[in-house]
Amino acid sequence: MKGFVFHGPGQASWEDVPDPGVKEPTDAIVKVGMVSICGTDLHILKGDVPEVPPGTVLGHEAVGEIVDVGSDVRTVRPGDRVLVSCITSCGRCRFCREGRYGQCLGGGGWILGHQVDGAQAEYVRVPFADLSVHPLPAAVPSEVAVLLADIFPTAYEVGVLNGQVRAGDTVVIVGAGPIGLAAVVATRLYAPERIIVVDLARARLQAARRLGADVVAFAGEDPRMLVDDLTGGLGADVAVEAVGVPESFELCTRVVRPCGHVANVGVHGSPAMLHLENLWIRDVTITTGLVDTYSTPTLLRMAAAGRLPTAELVTHTFPLNHMAEAYEVFAHAAETGALKVVLGADRHEVAIPMS
């Protein structure tokens, strides 16, 4: 088969790789119908995630069809259309039993495209299939479902829930990339007083407006002053960091109010300054986190009910074998206007009941 293989910082290519097969009785083999590129994949290519070994097929966001399963798999069978979660779960270790699947000690966690071959390929082996793939409702198209593999659970769990967003809050989201925009959608579920989105790209700020941001702010024009003006000098109840650079994290700590929450979602490739000399006396709570994907079934039900506006996020689509071109478009989002890049042409038909 073909897969997109990482060969070291700045080096990757679409090339022949061995077909995956069932190695463990809990495995499933999925024929990839649709796959996306994550910002974390760009971090890997930059060398920010050094534990990824050269020779690894990248990718952890996919929708496809089960073609083979191990003898212990009970919840899916060949022919099923499924969402491949970015996180796999053994289901038995301490962390999995607490719903903290991202910290799995039994061989799961974030392993696809990280520690084992991932989903940017024609086929992918998914360990612990009973807990790591989700059968898809007929009402959820693949181009919607693929966004629930990572960015929506991440924005919802690590941003909104960790940040303890409540009705009536002022929420500042720093970063209007795919995760930040998903955080706008997820925050709106909690009826905040206002959502303020900060970014350097004006096109992304426009997208944030369309998805429900009440106020947008250009990052180069002192967003803290705007937040102070809108909150009477108090500051934001919740600040969500959705970029992964020191400047955006430090901005979040400046705009949050006393007793507020900073929820760090971005993947950081370099140290960020933590000004505890200012923060300790303000009772600020700072959370970090790798997504656990415990919310995926809930999000799938919401998507099936039309409660998650996702179409705005997919700006570019490519055939599966145009992986290198798709990476270029996604990596140069400031010039291309890319938000979420999706590859593949998964055929999906919704049956219309006969009257």
# chains A, B, ... in the order shown; residues from 1 in each chain; ligands from 1
call {"tool": "select_by_dssp", "arguments": {"residues": "stretch 22-78 of chain A", "states": "strand (DSSP E or B)", "output": "mmCIF file with N, CA and C atoms, in the first residue's frame"}}
result
data_model
loop_
_atom_site.group_PDB
_atom_site.id
_atom_site.type_symbol
_atom_site.label_atom_id
_atom_site.label_comp_id
_atom_site.auth_asym_id
_atom_site.auth_seq_id
_atom_site.Cartn_x
_atom_site.Cartn_y
_atom_site.Cartn_z
ATOM 1 N N ALA A 28 -7.973 -4.054 14.712
ATOM 2 C CA ALA A 28 -8.812 -3.965 13.519
ATOM 3 C C ALA A 28 -7.988 -3.331 12.405
ATOM 4 N N ILE A 29 -8.243 -3.745 11.176
ATOM 5 C CA ILE A 29 -7.626 -3.127 10.000
ATOM 6 C C ILE A 29 -8.705 -2.301 9.310
ATOM 7 N N VAL A 30 -8.404 -1.039 9.075
ATOM 8 C CA VAL A 30 -9.363 -0.104 8.490
ATOM 9 C C VAL A 30 -8.852 0.361 7.131
ATOM 10 N N LYS A 31 -9.691 0.242 6.117
ATOM 11 C CA LYS A 31 -9.410 0.857 4.817
ATOM 12 C C LYS A 31 -9.775 2.328 4.923
ATOM 13 N N VAL A 32 -8.793 3.191 4.766
ATOM 14 C CA VAL A 32 -8.992 4.620 4.991
ATOM 15 C C VAL A 32 -9.792 5.222 3.843
ATOM 16 N N GLY A 33 -10.908 5.861 4.195
ATOM 17 C CA GLY A 33 -11.706 6.550 3.192
ATOM 18 C C GLY A 33 -11.463 8.036 3.191
ATOM 19 N N MET A 34 -11.223 8.593 4.379
ATOM 20 C CA MET A 34 -11.003 10.029 4.504
ATOM 21 C C MET A 34 -10.067 10.256 5.677
ATOM 22 N N VAL A 35 -9.107 11.156 5.493
ATOM 23 C CA VAL A 35 -8.113 11.430 6.519
ATOM 24 C C VAL A 35 -7.818 12.922 6.515
ATOM 25 N N SER A 36 -7.370 13.423 7.641
ATOM 26 C CA SER A 36 -7.050 14.846 7.738
ATOM 27 C C SER A 36 -5.629 15.025 8.261
ATOM 28 N N THR A 56 8.045 6.227 10.266
ATOM 29 C CA THR A 56 6.679 6.129 10.763
ATOM 30 C C THR A 56 5.698 6.742 9.781
ATOM 31 N N VAL A 57 4.609 6.046 9.493
ATOM 32 C CA VAL A 57 3.501 6.625 8.732
ATOM 33 C C VAL A 57 2.761 7.590 9.652
ATOM 34 N N ALA A 62 -8.977 9.807 11.024
ATOM 35 C CA ALA A 62 -9.444 9.103 9.832
ATOM 36 C C ALA A 62 -10.847 8.539 10.011
ATOM 37 N N VAL A 63 -11.485 8.340 8.882
ATOM 38 C CA VAL A 63 -12.745 7.619 8.770
ATOM 39 C C VAL A 63 -12.534 6.547 7.714
ATOM 40 N N GLY A 64 -13.094 5.376 7.917
ATOM 41 C CA GLY A 64 -12.919 4.332 6.915
ATOM 42 C C GLY A 64 -13.816 3.144 7.164
ATOM 43 N N GLU A 65 -13.455 2.025 6.534
ATOM 44 C CA GLU A 65 -14.263 0.807 6.592
ATOM 45 C C GLU A 65 -13.445 -0.336 7.178
ATOM 46 N N ILE A 66 -14.006 -1.027 8.134
ATOM 47 C CA ILE A 66 -13.354 -2.197 8.708
ATOM 48 C C ILE A 66 -13.225 -3.280 7.634
ATOM 49 N N VAL A 67 -11.994 -3.799 7.462
ATOM 50 C CA VAL A 67 -11.792 -4.883 6.499
ATOM 51 C C VAL A 67 -11.332 -6.175 7.169
ATOM 52 N N ASP A 68 -10.833 -6.094 8.405
ATOM 53 C CA ASP A 68 -10.418 -7.296 9.119
ATOM 54 C C ASP A 68 -10.366 -6.973 10.609
ATOM 55 N N VAL A 69 -10.617 -7.970 11.421
ATOM 56 C CA VAL A 69 -10.567 -7.783 12.875
ATOM 57 C C VAL A 69 -9.912 -8.998 13.516
#
call {"tool": "residues_around", "arguments": {"residues": "stretch 88-96 of chain A", "least_positions_apart": "4", "cutoff": "10 Å", "atoms": "only C-alpha atoms", "output": "PDB file with N, CA, C and O atoms, in the first residue's frame"}}
result
ATOM      1  N   THR A  26      -6.961  -7.988  19.497  1.00  0.00           N
ATOM      2  CA  THR A  26      -7.811  -6.810  19.693  1.00  0.00           C
ATOM      3  C   THR A  26      -7.693  -5.798  18.554  1.00  0.00           C
ATOM      4  O   THR A  26      -8.294  -4.727  18.623  1.00  0.00           O
ATOM      5  N   VAL A  84     -11.980   6.513  13.306  1.00  0.00           N
ATOM      6  CA  VAL A  84     -10.775   6.088  14.016  1.00  0.00           C
ATOM      7  C   VAL A  84     -10.382   7.202  14.975  1.00  0.00           C
ATOM      8  O   VAL A  84     -10.068   8.316  14.552  1.00  0.00           O
ATOM      9  N   ARG A 100      -9.135   8.431  31.479  1.00  0.00           N
ATOM     10  CA  ARG A 100      -7.997   9.246  31.029  1.00  0.00           C
ATOM     11  C   ARG A 100      -7.210   8.454  29.988  1.00  0.00           C
ATOM     12  O   ARG A 100      -6.058   8.096  30.174  1.00  0.00           O
ATOM     13  N   TYR A 101      -7.869   8.207  28.852  1.00  0.00           N
ATOM     14  CA  TYR A 101      -7.315   7.319  27.843  1.00  0.00           C
ATOM     15  C   TYR A 101      -6.022   7.844  27.233  1.00  0.00           C
ATOM     16  O   TYR A 101      -5.180   7.057  26.784  1.00  0.00           O
ATOM     17  N   GLY A 102      -5.844   9.142  27.212  1.00  0.00           N
ATOM     18  CA  GLY A 102      -4.624   9.704  26.650  1.00  0.00           C
ATOM     19  C   GLY A 102      -3.383   9.311  27.423  1.00  0.00           C
ATOM     20  O   GLY A 102      -2.273   9.377  26.893  1.00  0.00           O
ATOM     21  N   GLN A 103      -3.553   8.891  28.679  1.00  0.00           N
ATOM     22  CA  GLN A 103      -2.426   8.491  29.517  1.00  0.00           C
ATOM     23  C   GLN A 103      -2.331   6.976  29.661  1.00  0.00           C
ATOM     24  O   GLN A 103      -1.684   6.475  30.579  1.00  0.00           O
ATOM     25  N   CYS A 104      -2.952   6.237  28.767  1.00  0.00           N
ATOM     26  CA  CYS A 104      -3.005   4.776  28.833  1.00  0.00           C
ATOM     27  C   CYS A 104      -1.620   4.172  29.076  1.00  0.00           C
ATOM     28  O   CYS A 104      -0.648   4.514  28.407  1.00  0.00           O
ATOM     29  N   LEU A 105      -1.561   3.248  30.042  1.00  0.00           N
ATOM     30  CA  LEU A 105      -0.317   2.561  30.375  1.00  0.00           C
ATOM     31  C   LEU A 105      -0.221   1.186  29.734  1.00  0.00           C
ATOM     32  O   LEU A 105       0.800   0.511  29.869  1.00  0.00           O
ATOM     33  N   GLY A 106      -1.283   0.768  29.041  1.00  0.00           N
ATOM     34  CA  GLY A 106      -1.337  -0.586  28.516  1.00  0.00           C
ATOM     35  C   GLY A 106      -1.027  -0.703  27.042  1.00  0.00           C
ATOM     36  O   GLY A 106      -1.407  -1.695  26.403  1.00  0.00           O
ATOM     37  N   GLY A 107      -0.365   0.293  26.485  1.00  0.00           N
ATOM     38  CA  GLY A 107      -0.011   0.245  25.069  1.00  0.00           C
ATOM     39  C   GLY A 107      -0.849   1.148  24.192  1.00  0.00           C
ATOM     40  O   GLY A 107      -0.688   1.144  22.962  1.00  0.00           O
ATOM     41  N   GLY A 108      -1.737   1.938  24.803  1.00  0.00           N
ATOM     42  CA  GLY A 108      -2.567   2.859  24.042  1.00  0.00           C
ATOM     43  C   GLY A 108      -2.128   4.295  24.238  1.00  0.00           C
ATOM     44  O   GLY A 108      -0.953   4.594  24.388  1.00  0.00           O
ATOM     45  N   GLY A 109      -3.099   5.207  24.242  1.00  0.00           N
ATOM     46  CA  GLY A 109      -2.796   6.633  24.279  1.00  0.00           C
ATOM     47  C   GLY A 109      -2.665   7.172  22.864  1.00  0.00           C
ATOM     48  O   GLY A 109      -3.253   6.622  21.922  1.00  0.00           O
ATOM     49  N   TRP A 110      -1.908   8.255  22.716  1.00  0.00           N
ATOM     50  CA  TRP A 110      -1.647   8.763  21.363  1.00  0.00           C
ATOM     51  C   TRP A 110      -0.492   7.961  20.784  1.00  0.00           C
ATOM     52  O   TRP A 110       0.675   8.246  21.033  1.00  0.00           O
ATOM     53  N   ILE A 111      -0.816   6.931  20.032  1.00  0.00           N
ATOM     54  CA  ILE A 111       0.226   6.108  19.416  1.00  0.00           C
ATOM     55  C   ILE A 111       0.176   6.169  17.890  1.00  0.00           C
ATOM     56  O   ILE A 111       1.218   6.074  17.239  1.00  0.00           O
ATOM     57  N   LEU A 112      -1.016   6.340  17.288  1.00  0.00           N
ATOM     58  CA  LEU A 112      -1.126   6.372  15.826  1.00  0.00           C
ATOM     59  C   LEU A 112      -0.354   7.560  15.266  1.00  0.00           C
ATOM     60  O   LEU A 112      -0.550   8.709  15.677  1.00  0.00           O
ATOM     61  N   VAL A 126      -5.496  -0.511  13.757  1.00  0.00           N
ATOM     62  CA  VAL A 126      -5.932   0.197  14.958  1.00  0.00           C
ATOM     63  C   VAL A 126      -5.926  -0.775  16.137  1.00  0.00           C
ATOM     64  O   VAL A 126      -6.731  -1.710  16.174  1.00  0.00           O
ATOM     65  N   PRO A 127      -5.023  -0.594  17.091  1.00  0.00           N
ATOM     66  CA  PRO A 127      -5.033  -1.453  18.283  1.00  0.00           C
ATOM     67  C   PRO A 127      -6.255  -1.185  19.163  1.00  0.00           C
ATOM     68  O   PRO A 127      -6.856  -0.101  19.115  1.00  0.00           O
ATOM     69  N   PHE A 128      -6.619  -2.169  19.973  1.00  0.00           N
ATOM     70  CA  PHE A 128      -7.718  -2.027  20.934  1.00  0.00           C
ATOM     71  C   PHE A 128      -8.976  -1.496  20.260  1.00  0.00           C
ATOM     72  O   PHE A 128      -9.590  -0.520  20.686  1.00  0.00           O
ATOM     73  N   ALA A 129      -9.370  -2.171  19.196  1.00  0.00           N
ATOM     74  CA  ALA A 129     -10.427  -1.636  18.328  1.00  0.00           C
ATOM     75  C   ALA A 129     -11.749  -1.422  19.049  1.00  0.00           C
ATOM     76  O   ALA A 129     -12.470  -0.465  18.742  1.00  0.00           O
ATOM     77  N   ASP A 130     -12.109  -2.278  19.998  1.00  0.00           N
ATOM     78  CA  ASP A 130     -13.408  -2.131  20.645  1.00  0.00           C
ATOM     79  C   ASP A 130     -13.566  -0.777  21.332  1.00  0.00           C
ATOM     80  O   ASP A 130     -14.677  -0.255  21.441  1.00  0.00           O
ATOM     81  N   LEU A 131     -12.455  -0.203  21.793  1.00  0.00           N
ATOM     82  CA  LEU A 131     -12.517   1.083  22.483  1.00  0.00           C
ATOM     83  C   LEU A 131     -11.929   2.224  21.662  1.00  0.00           C
ATOM     84  O   LEU A 131     -11.977   3.378  22.103  1.00  0.00           O
ATOM     85  N   SER A 132     -11.405   1.931  20.480  1.00  0.00           N
ATOM     86  CA  SER A 132     -10.651   2.944  19.741  1.00  0.00           C
ATOM     87  C   SER A 132     -11.215   3.283  18.371  1.00  0.00           C
ATOM     88  O   SER A 132     -10.683   4.153  17.687  1.00  0.00           O
ATOM     89  N   VAL A 133     -12.268   2.589  17.939  1.00  0.00           N
ATOM     90  CA  VAL A 133     -13.013   2.996  16.748  1.00  0.00           C
ATOM     91  C   VAL A 133     -14.476   3.128  17.137  1.00  0.00           C
ATOM     92  O   VAL A 133     -14.941   2.491  18.085  1.00  0.00           O
ATOM     93  N   ASP A 292      -8.428  13.001  25.772  1.00  0.00           N
ATOM     94  CA  ASP A 292      -8.723  11.618  26.140  1.00  0.00           C
ATOM     95  C   ASP A 292      -9.764  10.980  25.219  1.00  0.00           C
ATOM     96  O   ASP A 292      -9.880   9.769  25.168  1.00  0.00           O
ATOM     97  N   THR A 293     -10.546  11.788  24.534  1.00  0.00           N
ATOM     98  CA  THR A 293     -11.608  11.366  23.604  1.00  0.00           C
ATOM     99  C   THR A 293     -12.754  10.633  24.297  1.00  0.00           C
ATOM    100  O   THR A 293     -13.512   9.920  23.643  1.00  0.00           O
ATOM    101  N   TYR A 294     -12.927  10.817  25.598  1.00  0.00           N
ATOM    102  CA  TYR A 294     -14.095  10.238  26.270  1.00  0.00           C
ATOM    103  C   TYR A 294     -15.386  10.880  25.786  1.00  0.00           C
ATOM    104  O   TYR A 294     -16.469  10.304  25.915  1.00  0.00           O
TER     105      TYR A 294
END
call {"tool": "select_by_dssp", "arguments": {"residues": "stretch 167-303 of chain A", "states": "alpha helix (DSSP H)", "output": "ChimeraX atom specification"}}
result
/A:178-188,202-211,223-230,246-255,276-279,296-303
call {"tool": "atom_distance", "arguments": {"atom1": "atom CA of A:Val342", "atom2": "atom CA of A:His316"}}
result
6.4 Å
call {"tool": "residues_around", "arguments": {"residues": "A:Gly337", "least_positions_apart": "6", "cutoff": "9 Å", "atoms": "only C-alpha atoms", "output": "JSON, numbers by chain"}}
result
{"A": [201, 203, 204, 315, 329, 330]}
call {"tool": "residues_around", "arguments": {"residues": "A:Gln11", "least_positions_apart": "3", "cutoff": "12 Å", "atoms": "only C-alpha atoms", "output": "list in words"}}
result
Phe4, Val5, Phe6, His7, Gly8, Trp14, Leu42, Ile44, Leu45, Lys46, Gly47, Pro54, Gly55, Thr56, Leu58, Ala324 and Tyr327 of chain A
call {"tool": "closest_residue", "arguments": {"among": "A:Ala311, A:Val52, A:Leu274, A:Met302", "to": "A:Val116", "atoms": "only C-alpha atoms"}}
result
A:Val52
call {"tool": "closest_residue", "arguments": {"among": "A:Ala208, A:Ala213, A:Val238, A:Leu276", "to": "A:Ala167", "atoms": "only C-alpha atoms"}}
result
A:Val238
call {"tool": "residues_around", "arguments": {"residues": "A:Glu247", "least_positions_apart": "4", "cutoff": "10 Å", "atoms": "only C-alpha atoms", "output": "list of chain:residue names"}}
result
A:Glu241, A:Val243, A:Leu251, A:Cys252, A:Ala272, A:Met273
call {"tool": "closest_residue", "arguments": {"among": "A:Thr317, A:Thr310, A:Asn162, A:Asn264", "to": "A:Val144", "atoms": "only C-alpha atoms"}}
result
A:Thr310
call {"tool": "closest_residue", "arguments": {"among": "A:Ala333, A:Val49, A:Leu279, A:Leu226", "to": "A:Leu200", "atoms": "only C-alpha atoms"}}
result
A:Ala333
call {"tool": "atom_distance", "arguments": {"atom1": "atom CA of A:Arg77", "atom2": "atom CA of A:Val22"}}
result
13.4 Å
call {"tool": "residues_around", "arguments": {"residues": "A:Ala236", "least_positions_apart": "2", "cutoff": "8 Å", "atoms": "only C-alpha atoms", "output": "compact mmCIF listing (two decimals) with N, CA and C atoms, in the first residue's frame"}}
result
# COMPACT_ATOMS: atom_id res chain seq x y z
N ASP A 169 -20.12 33.45 30.98
CA ASP A 169 -18.69 33.75 31.01
C ASP A 169 -18.25 34.59 29.82
N THR A 170 -17.16 35.30 30.04
CA THR A 170 -16.39 35.87 28.94
C THR A 170 -15.23 34.94 28.67
N VAL A 171 -15.16 34.44 27.44
CA VAL A 171 -14.14 33.47 27.06
C VAL A 171 -13.27 34.07 25.96
N VAL A 172 -11.97 34.10 26.19
CA VAL A 172 -11.00 34.53 25.18
C VAL A 172 -10.33 33.30 24.62
N VAL A 227 -10.01 43.36 25.91
CA VAL A 227 -10.65 42.52 26.93
C VAL A 227 -10.99 43.35 28.17
N THR A 231 -14.79 44.02 29.74
CA THR A 231 -15.11 43.39 31.03
C THR A 231 -14.99 44.36 32.20
N LEU A 234 -12.02 43.72 34.49
CA LEU A 234 -11.94 42.47 35.26
C LEU A 234 -11.06 41.43 34.58
N VAL A 238 -12.34 32.78 31.29
CA VAL A 238 -11.58 31.65 30.76
C VAL A 238 -10.76 32.14 29.57
N ALA A 239 -9.49 31.74 29.52
CA ALA A 239 -8.64 32.01 28.36
C ALA A 239 -8.15 30.67 27.83
N VAL A 255 -4.68 38.14 30.10
CA VAL A 255 -6.07 38.57 29.90
C VAL A 255 -7.03 37.90 30.86
N VAL A 256 -6.60 36.87 31.59
CA VAL A 256 -7.52 36.15 32.48
C VAL A 256 -7.72 36.94 33.78
N ARG A 257 -8.90 36.85 34.32
CA ARG A 257 -9.22 37.57 35.56
C ARG A 257 -8.70 36.82 36.78
N GLY A 260 -9.71 33.12 37.57
CA GLY A 260 -10.09 32.59 36.27
C GLY A 260 -9.28 31.36 35.91
call {"tool": "atom_distance", "arguments": {"atom1": "atom CA of A:Leu299", "atom2": "atom CA of A:Pro192"}}
result
19.3 Å
